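Shown next: run.pdb, containing PDB, C-alpha atoms.
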MODEL        1
ATOM      1  CA  MET Y   1      63.026-267.688 -26.545  1.00  0.00           C
ATOM      2  CA  THR Y   2      59.493-266.666 -25.512  1.00  0.00           C
ATOM      3  CA  GLY Y   3      57.186-269.064 -27.362  1.00  0.00           C
ATOM      4  CA  ALA Y   4      54.568-266.472 -28.350  1.00  0.00           C
ATOM      5  CA  TYR Y   5      57.063-264.383 -30.330  1.00  0.00           C
ATOM      6  CA  LYS Y   6      58.915-265.392 -33.489  1.00  0.00           C
ATOM      7  CA  LEU Y   7      61.603-263.529 -35.420  1.00  0.00           C
ATOM      8  CA  GLY Y   8      62.522-263.945 -39.121  1.00  0.00           C
ATOM      9  CA  LYS Y   9      64.711-261.094 -40.372  1.00  0.00           C
ATOM     10  CA  LEU Y  10      67.713-262.268 -42.347  1.00  0.00           C
ATOM     11  CA  ALA Y  11      71.107-260.542 -42.265  1.00  0.00           C
ATOM     12  CA  ALA Y  12      71.161-256.844 -43.086  1.00  0.00           C
ATOM     13  CA  VAL Y  13      72.116-256.061 -46.690  1.00  0.00           C
ATOM     14  CA  ARG Y  14      73.056-252.630 -48.034  1.00  0.00           C
ATOM     15  CA  PRO Y  15      72.555-252.665 -51.832  1.00  0.00           C
ATOM     16  CA  PHE Y  16      75.573-251.286 -53.671  1.00  0.00           C
ATOM     17  CA  GLY Y  17      74.880-247.903 -55.274  1.00  0.00           C
ATOM     18  CA  LEU Y  18      71.915-246.975 -53.071  1.00  0.00           C
ATOM     19  CA  ARG Y  19      72.696-243.935 -50.965  1.00  0.00           C
ATOM     20  CA  GLU Y  20      71.129-242.715 -47.735  1.00  0.00           C
ATOM     21  CA  LEU Y  21      67.897-240.734 -47.782  1.00  0.00           C
ATOM     22  CA  ALA Y  22      69.585-237.464 -46.786  1.00  0.00           C
ATOM     23  CA  ILE Y  23      71.774-237.602 -49.917  1.00  0.00           C
ATOM     24  CA  TYR Y  24      68.651-237.535 -52.107  1.00  0.00           C
ATOM     25  CA  ALA Y  25      67.103-234.559 -50.294  1.00  0.00           C
ATOM     26  CA  ALA Y  26      66.921-231.247 -52.147  1.00  0.00           C
ATOM     27  CA  GLY Y  27      68.708-229.414 -49.363  1.00  0.00           C
ATOM     28  CA  PRO Y  28      69.190-230.301 -45.686  1.00  0.00           C
ATOM     29  CA  LEU Y  29      66.334-232.273 -44.172  1.00  0.00           C
ATOM     30  CA  PRO Y  30      64.471-230.114 -41.652  1.00  0.00           C
ATOM     31  CA  ALA Y  31      64.440-230.832 -37.948  1.00  0.00           C
ATOM     32  CA  PRO Y  32      61.607-233.190 -36.988  1.00  0.00           C
ATOM     33  CA  PRO Y  33      59.237-232.495 -34.092  1.00  0.00           C
ATOM     34  CA  SER Y  34      60.338-233.542 -30.605  1.00  0.00           C
ATOM     35  CA  SER Y  35      57.755-236.336 -30.495  1.00  0.00           C
ATOM     36  CA  VAL Y  36      55.367-238.116 -32.865  1.00  0.00           C
ATOM     37  CA  ALA Y  37      52.323-240.152 -31.808  1.00  0.00           C
ATOM     38  CA  VAL Y  38      51.612-243.574 -33.282  1.00  0.00           C
ATOM     39  CA  PRO Y  39      48.693-243.330 -35.756  1.00  0.00           C
ATOM     40  CA  GLY Y  40      45.472-244.739 -34.385  1.00  0.00           C
ATOM     41  CA  ALA Y  41      45.166-248.082 -36.156  1.00  0.00           C
ATOM     42  CA  SER Y  42      45.315-251.802 -35.419  1.00  0.00           C
ATOM     43  CA  TYR Y  43      48.725-253.510 -35.552  1.00  0.00           C
ATOM     44  CA  PRO Y  44      48.023-257.245 -35.089  1.00  0.00           C
ATOM     45  CA  ILE Y  45      50.628-259.978 -34.742  1.00  0.00           C
ATOM     46  CA  ASP Y  46      49.895-261.195 -38.304  1.00  0.00           C
ATOM     47  CA  GLY Y  47      51.203-264.723 -37.843  1.00  0.00           C
ATOM     48  CA  ASN Y  48      54.474-263.729 -36.148  1.00  0.00           C
ATOM     49  CA  ASP Y  49      53.555-265.909 -33.181  1.00  0.00           C
ATOM     50  CA  GLN Y  50      53.770-268.970 -35.464  1.00  0.00           C
ATOM     51  CA  PHE Y  51      56.076-268.049 -38.347  1.00  0.00           C
ATOM     52  CA  GLY Y  52      59.143-265.924 -39.008  1.00  0.00           C
ATOM     53  CA  ASP Y  53      57.149-263.409 -41.062  1.00  0.00           C
ATOM     54  CA  CYS Y  54      58.094-260.246 -39.142  1.00  0.00           C
ATOM     55  CA  THR Y  55      59.321-258.485 -42.298  1.00  0.00           C
ATOM     56  CA  MET Y  56      55.926-258.984 -43.943  1.00  0.00           C
ATOM     57  CA  ALA Y  57      54.012-258.054 -40.789  1.00  0.00           C
ATOM     58  CA  GLY Y  58      56.053-254.853 -40.821  1.00  0.00           C
ATOM     59  CA  VAL Y  59      54.775-254.102 -44.319  1.00  0.00           C
ATOM     60  CA  ALA Y  60      51.184-254.530 -43.118  1.00  0.00           C
ATOM     61  CA  HIS Y  61      51.838-252.256 -40.128  1.00  0.00           C
ATOM     62  CA  LEU Y  62      53.153-249.512 -42.385  1.00  0.00           C
ATOM     63  CA  VAL Y  63      50.086-249.819 -44.642  1.00  0.00           C
ATOM     64  CA  ALA Y  64      47.777-249.479 -41.624  1.00  0.00           C
ATOM     65  CA  ALA Y  65      49.690-246.462 -40.323  1.00  0.00           C
ATOM     66  CA  TRP Y  66      49.701-244.708 -43.701  1.00  0.00           C
ATOM     67  CA  ASP Y  67      45.964-245.265 -44.122  1.00  0.00           C
ATOM     68  CA  ALA Y  68      45.365-243.644 -40.729  1.00  0.00           C
ATOM     69  CA  GLU Y  69      47.775-240.813 -41.497  1.00  0.00           C
ATOM     70  CA  VAL Y  70      46.327-239.780 -44.869  1.00  0.00           C
ATOM     71  CA  LYS Y  71      42.720-240.782 -44.076  1.00  0.00           C
ATOM     72  CA  GLN Y  72      42.512-243.238 -46.980  1.00  0.00           C
ATOM     73  CA  PRO Y  73      40.434-246.433 -46.715  1.00  0.00           C
ATOM     74  CA  ASP Y  74      42.890-248.632 -48.615  1.00  0.00           C
ATOM     75  CA  PRO Y  75      42.507-252.263 -47.513  1.00  0.00           C
ATOM     76  CA  VAL Y  76      44.930-253.429 -44.834  1.00  0.00           C
ATOM     77  CA  PRO Y  77      46.020-257.051 -45.371  1.00  0.00           C
ATOM     78  CA  THR Y  78      44.615-259.661 -43.034  1.00  0.00           C
ATOM     79  CA  GLY Y  79      46.803-261.974 -40.995  1.00  0.00           C
ATOM     80  CA  GLN Y  80      46.141-264.773 -43.469  1.00  0.00           C
ATOM     81  CA  GLN Y  81      47.220-262.562 -46.363  1.00  0.00           C
ATOM     82  CA  VAL Y  82      50.396-261.564 -44.514  1.00  0.00           C
ATOM     83  CA  VAL Y  83      51.343-265.196 -43.930  1.00  0.00           C
ATOM     84  CA  ALA Y  84      50.501-266.186 -47.514  1.00  0.00           C
ATOM     85  CA  GLU Y  85      52.611-263.361 -48.971  1.00  0.00           C
ATOM     86  CA  TYR Y  86      55.498-264.269 -46.685  1.00  0.00           C
ATOM     87  CA  PHE Y  87      55.510-267.873 -47.884  1.00  0.00           C
ATOM     88  CA  ARG Y  88      55.173-266.745 -51.492  1.00  0.00           C
ATOM     89  CA  LEU Y  89      58.295-264.580 -51.232  1.00  0.00           C
ATOM     90  CA  SER Y  90      60.235-267.127 -49.174  1.00  0.00           C
ATOM     91  CA  GLY Y  91      59.597-269.920 -51.667  1.00  0.00           C
ATOM     92  CA  GLY Y  92      57.288-271.784 -49.336  1.00  0.00           C
ATOM     93  CA  GLN Y  93      59.873-272.111 -46.571  1.00  0.00           C
ATOM     94  CA  ASP Y  94      59.662-270.572 -43.109  1.00  0.00           C
ATOM     95  CA  SER Y  95      63.186-269.276 -43.585  1.00  0.00           C
ATOM     96  CA  GLY Y  96      62.782-265.527 -43.048  1.00  0.00           C
ATOM     97  CA  LEU Y  97      63.341-262.658 -45.477  1.00  0.00           C
ATOM     98  CA  ALA Y  98      65.869-259.857 -45.923  1.00  0.00           C
ATOM     99  CA  GLU Y  99      64.422-256.376 -45.505  1.00  0.00           C
ATOM    100  CA  ALA Y 100      66.225-255.068 -48.596  1.00  0.00           C
ATOM    101  CA  ASP Y 101      64.654-257.830 -50.710  1.00  0.00           C
ATOM    102  CA  VAL Y 102      61.173-257.106 -49.328  1.00  0.00           C
ATOM    103  CA  LEU Y 103      61.515-253.419 -50.144  1.00  0.00           C
ATOM    104  CA  GLN Y 104      62.770-254.069 -53.673  1.00  0.00           C
ATOM    105  CA  THR Y 105      59.831-256.405 -54.334  1.00  0.00           C
ATOM    106  CA  TRP Y 106      57.390-253.905 -52.807  1.00  0.00           C
ATOM    107  CA  ARG Y 107      58.549-251.174 -55.169  1.00  0.00           C
ATOM    108  CA  SER Y 108      59.026-253.204 -58.353  1.00  0.00           C
ATOM    109  CA  ALA Y 109      56.301-255.873 -58.304  1.00  0.00           C
ATOM    110  CA  GLY Y 110      54.085-254.765 -55.445  1.00  0.00           C
ATOM    111  CA  ILE Y 111      53.017-256.441 -52.206  1.00  0.00           C
ATOM    112  CA  PHE Y 112      49.363-256.847 -51.237  1.00  0.00           C
ATOM    113  CA  GLY Y 113      48.385-255.312 -54.565  1.00  0.00           C
ATOM    114  CA  ARG Y 114      50.190-252.024 -54.146  1.00  0.00           C
ATOM    115  CA  LYS Y 115      53.603-250.530 -54.775  1.00  0.00           C
ATOM    116  CA  ILE Y 116      55.594-247.997 -52.779  1.00  0.00           C
ATOM    117  CA  GLY Y 117      56.901-244.843 -54.403  1.00  0.00           C
ATOM    118  CA  ALA Y 118      60.502-245.276 -53.274  1.00  0.00           C
ATOM    119  CA  TYR Y 119      62.723-246.290 -50.377  1.00  0.00           C
ATOM    120  CA  ALA Y 120      66.198-245.512 -49.117  1.00  0.00           C
ATOM    121  CA  PRO Y 121      68.380-246.508 -46.189  1.00  0.00           C
ATOM    122  CA  VAL Y 122      68.883-244.117 -43.307  1.00  0.00           C
ATOM    123  CA  GLU Y 123      71.909-244.118 -41.034  1.00  0.00           C
ATOM    124  CA  HIS Y 124      70.910-246.599 -38.364  1.00  0.00           C
ATOM    125  CA  SER Y 125      73.248-245.055 -35.795  1.00  0.00           C
ATOM    126  CA  SER Y 126      71.503-241.661 -36.161  1.00  0.00           C
ATOM    127  CA  ILE Y 127      68.394-241.173 -34.035  1.00  0.00           C
ATOM    128  CA  LEU Y 128      67.816-237.883 -35.878  1.00  0.00           C
ATOM    129  CA  ALA Y 129      67.686-239.678 -39.247  1.00  0.00           C
ATOM    130  CA  ILE Y 130      65.209-242.236 -37.895  1.00  0.00           C
ATOM    131  CA  HIS Y 131      63.055-239.459 -36.412  1.00  0.00           C
ATOM    132  CA  GLN Y 132      63.028-237.715 -39.800  1.00  0.00           C
ATOM    133  CA  ALA Y 133      61.870-240.892 -41.555  1.00  0.00           C
ATOM    134  CA  VAL Y 134      59.045-241.353 -39.039  1.00  0.00           C
ATOM    135  CA  ALA Y 135      57.966-237.704 -38.979  1.00  0.00           C
ATOM    136  CA  PHE Y 136      58.109-237.026 -42.716  1.00  0.00           C
ATOM    137  CA  TYR Y 137      57.244-240.388 -44.289  1.00  0.00           C
ATOM    138  CA  GLY Y 138      55.050-242.115 -41.717  1.00  0.00           C
ATOM    139  CA  GLY Y 139      57.421-244.740 -40.370  1.00  0.00           C
ATOM    140  CA  CYS Y 140      60.847-246.345 -40.404  1.00  0.00           C
ATOM    141  CA  TYR Y 141      61.388-250.023 -41.270  1.00  0.00           C
ATOM    142  CA  LEU Y 142      63.968-251.299 -38.781  1.00  0.00           C
ATOM    143  CA  GLY Y 143      66.025-254.428 -38.256  1.00  0.00           C
ATOM    144  CA  ILE Y 144      67.497-255.529 -34.935  1.00  0.00           C
ATOM    145  CA  GLN Y 145      69.482-258.406 -33.570  1.00  0.00           C
ATOM    146  CA  CYS Y 146      66.898-259.386 -30.993  1.00  0.00           C
ATOM    147  CA  PRO Y 147      67.994-260.386 -27.498  1.00  0.00           C
ATOM    148  CA  GLN Y 148      65.939-262.697 -25.335  1.00  0.00           C
ATOM    149  CA  SER Y 149      65.419-259.795 -22.937  1.00  0.00           C
ATOM    150  CA  ALA Y 150      63.361-257.866 -25.518  1.00  0.00           C
ATOM    151  CA  GLN Y 151      60.844-260.679 -25.728  1.00  0.00           C
ATOM    152  CA  GLU Y 152      60.658-260.930 -21.956  1.00  0.00           C
ATOM    153  CA  GLN Y 153      60.270-257.164 -21.556  1.00  0.00           C
ATOM    154  CA  PHE Y 154      57.583-257.032 -24.233  1.00  0.00           C
ATOM    155  CA  ALA Y 155      55.628-259.805 -22.531  1.00  0.00           C
ATOM    156  CA  ALA Y 156      55.833-257.849 -19.268  1.00  0.00           C
ATOM    157  CA  GLY Y 157      54.782-254.552 -20.896  1.00  0.00           C
ATOM    158  CA  GLU Y 158      58.159-252.989 -20.111  1.00  0.00           C
ATOM    159  CA  PRO Y 159      60.396-250.727 -22.256  1.00  0.00           C
ATOM    160  CA  TRP Y 160      63.144-252.485 -24.164  1.00  0.00           C
ATOM    161  CA  THR Y 161      66.420-251.774 -22.398  1.00  0.00           C
ATOM    162  CA  VAL Y 162      69.891-253.283 -22.599  1.00  0.00           C
ATOM    163  CA  VAL Y 163      70.291-256.348 -20.391  1.00  0.00           C
ATOM    164  CA  ASP Y 164      73.910-257.405 -20.179  1.00  0.00           C
ATOM    165  CA  ASP Y 165      74.610-260.950 -21.378  1.00  0.00           C
ATOM    166  CA  SER Y 166      71.077-261.551 -22.679  1.00  0.00           C
ATOM    167  CA  PRO Y 167      71.540-263.979 -25.598  1.00  0.00           C
ATOM    168  CA  ILE Y 168      70.719-262.936 -29.151  1.00  0.00           C
ATOM    169  CA  GLU Y 169      67.866-265.025 -30.535  1.00  0.00           C
ATOM    170  CA  GLY Y 170      68.099-263.805 -34.155  1.00  0.00           C
ATOM    171  CA  GLY Y 171      67.133-260.985 -36.506  1.00  0.00           C
ATOM    172  CA  HIS Y 172      63.792-259.247 -36.123  1.00  0.00           C
ATOM    173  CA  CYS Y 173      61.898-256.561 -38.051  1.00  0.00           C
ATOM    174  CA  ILE Y 174      60.140-253.821 -36.102  1.00  0.00           C
ATOM    175  CA  VAL Y 175      58.514-250.671 -37.483  1.00  0.00           C
ATOM    176  CA  ALA Y 176      58.950-247.293 -35.818  1.00  0.00           C
ATOM    177  CA  LEU Y 177      55.654-245.398 -36.129  1.00  0.00           C
ATOM    178  CA  GLY Y 178      56.219-242.754 -33.466  1.00  0.00           C
ATOM    179  CA  TYR Y 179      58.725-241.610 -30.882  1.00  0.00           C
ATOM    180  CA  THR Y 180      59.285-239.684 -27.657  1.00  0.00           C
ATOM    181  CA  PRO Y 181      62.463-238.088 -26.284  1.00  0.00           C
ATOM    182  CA  GLN Y 182      63.173-241.408 -24.534  1.00  0.00           C
ATOM    183  CA  ALA Y 183      62.303-244.091 -27.085  1.00  0.00           C
ATOM    184  CA  LEU Y 184      60.973-245.157 -30.458  1.00  0.00           C
ATOM    185  CA  LEU Y 185      57.415-246.497 -30.503  1.00  0.00           C
ATOM    186  CA  CYS Y 186      57.524-249.602 -32.661  1.00  0.00           C
ATOM    187  CA  ALA Y 187      54.855-251.978 -33.963  1.00  0.00           C
ATOM    188  CA  THR Y 188      55.749-255.607 -33.307  1.00  0.00           C
ATOM    189  CA  TRP Y 189      54.145-258.835 -32.077  1.00  0.00           C
ATOM    190  CA  GLY Y 190      50.632-257.402 -31.998  1.00  0.00           C
ATOM    191  CA  GLY Y 191      51.431-254.297 -29.966  1.00  0.00           C
ATOM    192  CA  ILE Y 192      53.606-251.213 -29.625  1.00  0.00           C
ATOM    193  CA  ALA Y 193      57.022-251.612 -28.003  1.00  0.00           C
ATOM    194  CA  GLU Y 194      58.779-248.713 -26.297  1.00  0.00           C
ATOM    195  CA  VAL Y 195      62.306-249.208 -27.632  1.00  0.00           C
ATOM    196  CA  THR Y 196      64.831-247.092 -25.751  1.00  0.00           C
ATOM    197  CA  TYR Y 197      67.700-245.384 -27.547  1.00  0.00           C
ATOM    198  CA  PRO Y 198      70.455-247.279 -25.666  1.00  0.00           C
ATOM    199  CA  PHE Y 199      68.770-250.510 -26.809  1.00  0.00           C
ATOM    200  CA  LEU Y 200      68.872-249.298 -30.415  1.00  0.00           C
ATOM    201  CA  GLY Y 201      72.534-248.386 -30.050  1.00  0.00           C
ATOM    202  CA  ALA Y 202      73.268-251.932 -28.966  1.00  0.00           C
ATOM    203  CA  TYR Y 203      71.039-253.973 -31.289  1.00  0.00           C
ATOM    204  CA  LEU Y 204      69.847-251.986 -34.353  1.00  0.00           C
ATOM    205  CA  ASP Y 205      71.596-253.050 -37.566  1.00  0.00           C
ATOM    206  CA  GLU Y 206      69.498-251.477 -40.377  1.00  0.00           C
ATOM    207  CA  ALA Y 207      66.938-248.732 -40.935  1.00  0.00           C
ATOM    208  CA  TRP Y 208      64.918-247.781 -44.026  1.00  0.00           C
ATOM    209  CA  ALA Y 209      62.755-244.838 -44.988  1.00  0.00           C
ATOM    210  CA  VAL Y 210      59.809-246.182 -46.985  1.00  0.00           C
ATOM    211  CA  ILE Y 211      58.070-243.540 -49.076  1.00  0.00           C
ATOM    212  CA  PRO Y 212      54.452-244.390 -49.924  1.00  0.00           C
ATOM    213  CA  SER Y 213      53.011-243.324 -53.249  1.00  0.00           C
ATOM    214  CA  GLN Y 214      50.181-241.425 -51.546  1.00  0.00           C
ATOM    215  CA  PHE Y 215      52.730-239.244 -49.722  1.00  0.00           C
ATOM    216  CA  LEU Y 216      54.454-238.400 -53.000  1.00  0.00           C
ATOM    217  CA  GLU Y 217      51.130-237.643 -54.680  1.00  0.00           C
ATOM    218  CA  ALA Y 218      50.134-235.346 -51.816  1.00  0.00           C
ATOM    219  CA  GLY Y 219      53.519-233.612 -51.785  1.00  0.00           C
ATOM    220  CA  ARG Y 220      54.129-234.639 -48.182  1.00  0.00           C
ATOM    221  CA  GLY Y 221      57.595-234.652 -46.722  1.00  0.00           C
ATOM    222  CA  PRO Y 222      60.721-232.708 -47.721  1.00  0.00           C
ATOM    223  CA  ARG Y 223      61.408-232.406 -51.431  1.00  0.00           C
ATOM    224  CA  LEU Y 224      63.657-235.162 -52.771  1.00  0.00           C
ATOM    225  CA  ASP Y 225      65.688-235.610 -55.937  1.00  0.00           C
ATOM    226  CA  LEU Y 226      63.310-238.383 -56.939  1.00  0.00           C
ATOM    227  CA  ALA Y 227      64.844-238.778 -60.389  1.00  0.00           C
ATOM    228  CA  SER Y 228      68.205-239.761 -58.885  1.00  0.00           C
ATOM    229  CA  LEU Y 229      66.639-241.996 -56.249  1.00  0.00           C
ATOM    230  CA  GLN Y 230      64.417-243.758 -58.771  1.00  0.00           C
ATOM    231  CA  ALA Y 231      67.355-244.226 -61.145  1.00  0.00           C
ATOM    232  CA  ASP Y 232      69.423-245.852 -58.391  1.00  0.00           C
ATOM    233  CA  LEU Y 233      66.487-248.098 -57.421  1.00  0.00           C
ATOM    234  CA  ASP Y 234      65.937-249.044 -61.059  1.00  0.00           C
ATOM    235  CA  ARG Y 235      69.556-250.198 -61.316  1.00  0.00           C
ATOM    236  CA  LEU Y 236      69.004-252.529 -58.346  1.00  0.00           C
ATOM    237  CA  ALA Y 237      66.055-254.135 -60.102  1.00  0.00           C
ATOM    238  CA  ALA Y 238      67.833-254.506 -63.451  1.00  0.00           C
TER     239      ALA Y 238
ENDMDL
END

If you convert what's in this file into structure tokens, what do you get?
Amino acid sequence: MTGAYKLGKLAAVRPFGLRELAIYAAGPLPAPPSSVAVPGASYPIDGNDQFGDCTMAGVAHLVAAWDAEVKQPDPVPTGQQVVAEYFRLSGGQDSGLAEADVLQTWRSAGIFGRKIGAYAPVEHSSILAIHQAVAFYGGCYLGIQCPQSAQEQFAAGEPWTVVDDSPIEGGHCIVALGYTPQALLCATWGGIAEVTYPFLGAYLDEAWAVIPSQFLEAGRGPRLDLASLQADLDRLAA
């Protein structure tokens, strides 16, 4: 494992009773654009070179991207705040976090002093569904089983491609903030990784659309049956 890069995503969990984003849409989701640029913001490593806090760094990266997208000056958490929140949610242990648990906490109790409007899984085998989450809601919260090759390719500034027999180092959270016809553009480890679609087919094991409150307030994105989605999310928190 490359020493500068840590992981920290626990096993993927699909909460019972929570359906995919497309099921909550009021009609078919429209086709997304062919490419989306990464919002111009800073996406630092946020402690993920020392601790397994990738899930919390992903939260901070989404906040930074949303601020840039909607031109709001909401405070982006510092690296120290990211690490502190990670240890708070992990019970003081550097043991990693499950993405589903992070999202539930973010909606119900808030993270970094703010709550999200809603969230829902998207089909992780569908590039179209991931593109829709990025294009319409400003990002897609992803989980991979990270091979050693991804760390080596990132260090070399190369796209993430499938390398046969590269060992899996563990689970890792990355955040898709843009895409091209060839790859997702994902914030991780203090930079943007070009993650090719064959790589995703081999290693992606969960994907989540995260819907920020400011997008709902501005009426951005396709219309959703929010009452049904919120009711299903409320049952998870009960």

| said: At a cut-off of 9 Å, using only C-alpha atoms, what residues contact Y:Ala60? Leave out same-chain residues fewer than 6 positions from it and give the result as a ChimeraX atom specification. | reply: /Y:43,46,76-79,82,112

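The nearest approach to Y:Asp67 among the residues Y:Ser125, Y:Ser149, Y:Ser95, Y:Gln214, with only C-alpha atoms taken into account, belongs to Y:Gln214.
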
| For Y:Asp74, which of Y:Gly58, Y:Pro121, Y:Gly113, Y:Pro44 is the closest residue, counting all atoms listed in the file? | Y:Gly113

| field | Atom-to-atom span, atom CA of Y:Ala64 and atom CA of Y:Thr196, Å | value | 23.4 Å

| message | Just the number, please: distance in Å from atom CA of Y:Ser42 to atom CA of Y:Ala11, one decimal. | response |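 Between atom CA of Y:Ser42 and atom CA of Y:Ala11 the gap works out to 28.1 Å.
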
Residues within 9 Å of Y:Ala12, only C-alpha atoms, excluding chain neighbours under 5 positions, as a tab-separated table (two decimals) with C-alpha atoms, keeping the file's coordinate frame:
chain	number	residue	atom	x	y	z
Y	98	ALA	CA	65.87	-259.86	-45.92
Y	99	GLU	CA	64.42	-256.38	-45.50
Y	100	ALA	CA	66.22	-255.07	-48.60
Y	143	GLY	CA	66.03	-254.43	-38.26
Y	171	GLY	CA	67.13	-260.98	-36.51
Y	205	ASP	CA	71.60	-253.05	-37.57
Y	206	GLU	CA	69.50	-251.48	-40.38

| field | Hits of the PyMOL selection byres ((chain Y and resi 66) around 9) in this structure, as a PyMOL selection string | value | chain Y and resi 39+61-65+67-72+137-139+212+214-215

Please list as an mmCIF file with C-alpha atoms, keeping the file's coordinate frame every residue within 8 Å of Y:Ile116, counting all atoms listed in the file and excluding residues in the same chain fewer than 5 positions away.
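around-v6.cif, freshly written:
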data_model
loop_
_atom_site.group_PDB
_atom_site.id
_atom_site.type_symbol
_atom_site.label_atom_id
_atom_site.label_comp_id
_atom_site.auth_asym_id
_atom_site.auth_seq_id
_atom_site.Cartn_x
_atom_site.Cartn_y
_atom_site.Cartn_z
ATOM 1 C CA TRP Y 106 57.390 -253.905 -52.807
ATOM 2 C CA ARG Y 107 58.549 -251.174 -55.169
ATOM 3 C CA GLY Y 110 54.085 -254.765 -55.445
ATOM 4 C CA VAL Y 210 59.809 -246.182 -46.985
ATOM 5 C CA ILE Y 211 58.070 -243.540 -49.076
ATOM 6 C CA PRO Y 212 54.452 -244.390 -49.924
ATOM 7 C CA SER Y 213 53.011 -243.324 -53.249
#

| query | Rounded to one decimal in Å, what is the spacing between atom CA of Y:Leu128 and atom CA of Y:Pro181? | reply |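 Separating atom CA of Y:Leu128 from atom CA of Y:Pro181 is a distance of 11.0 Å.
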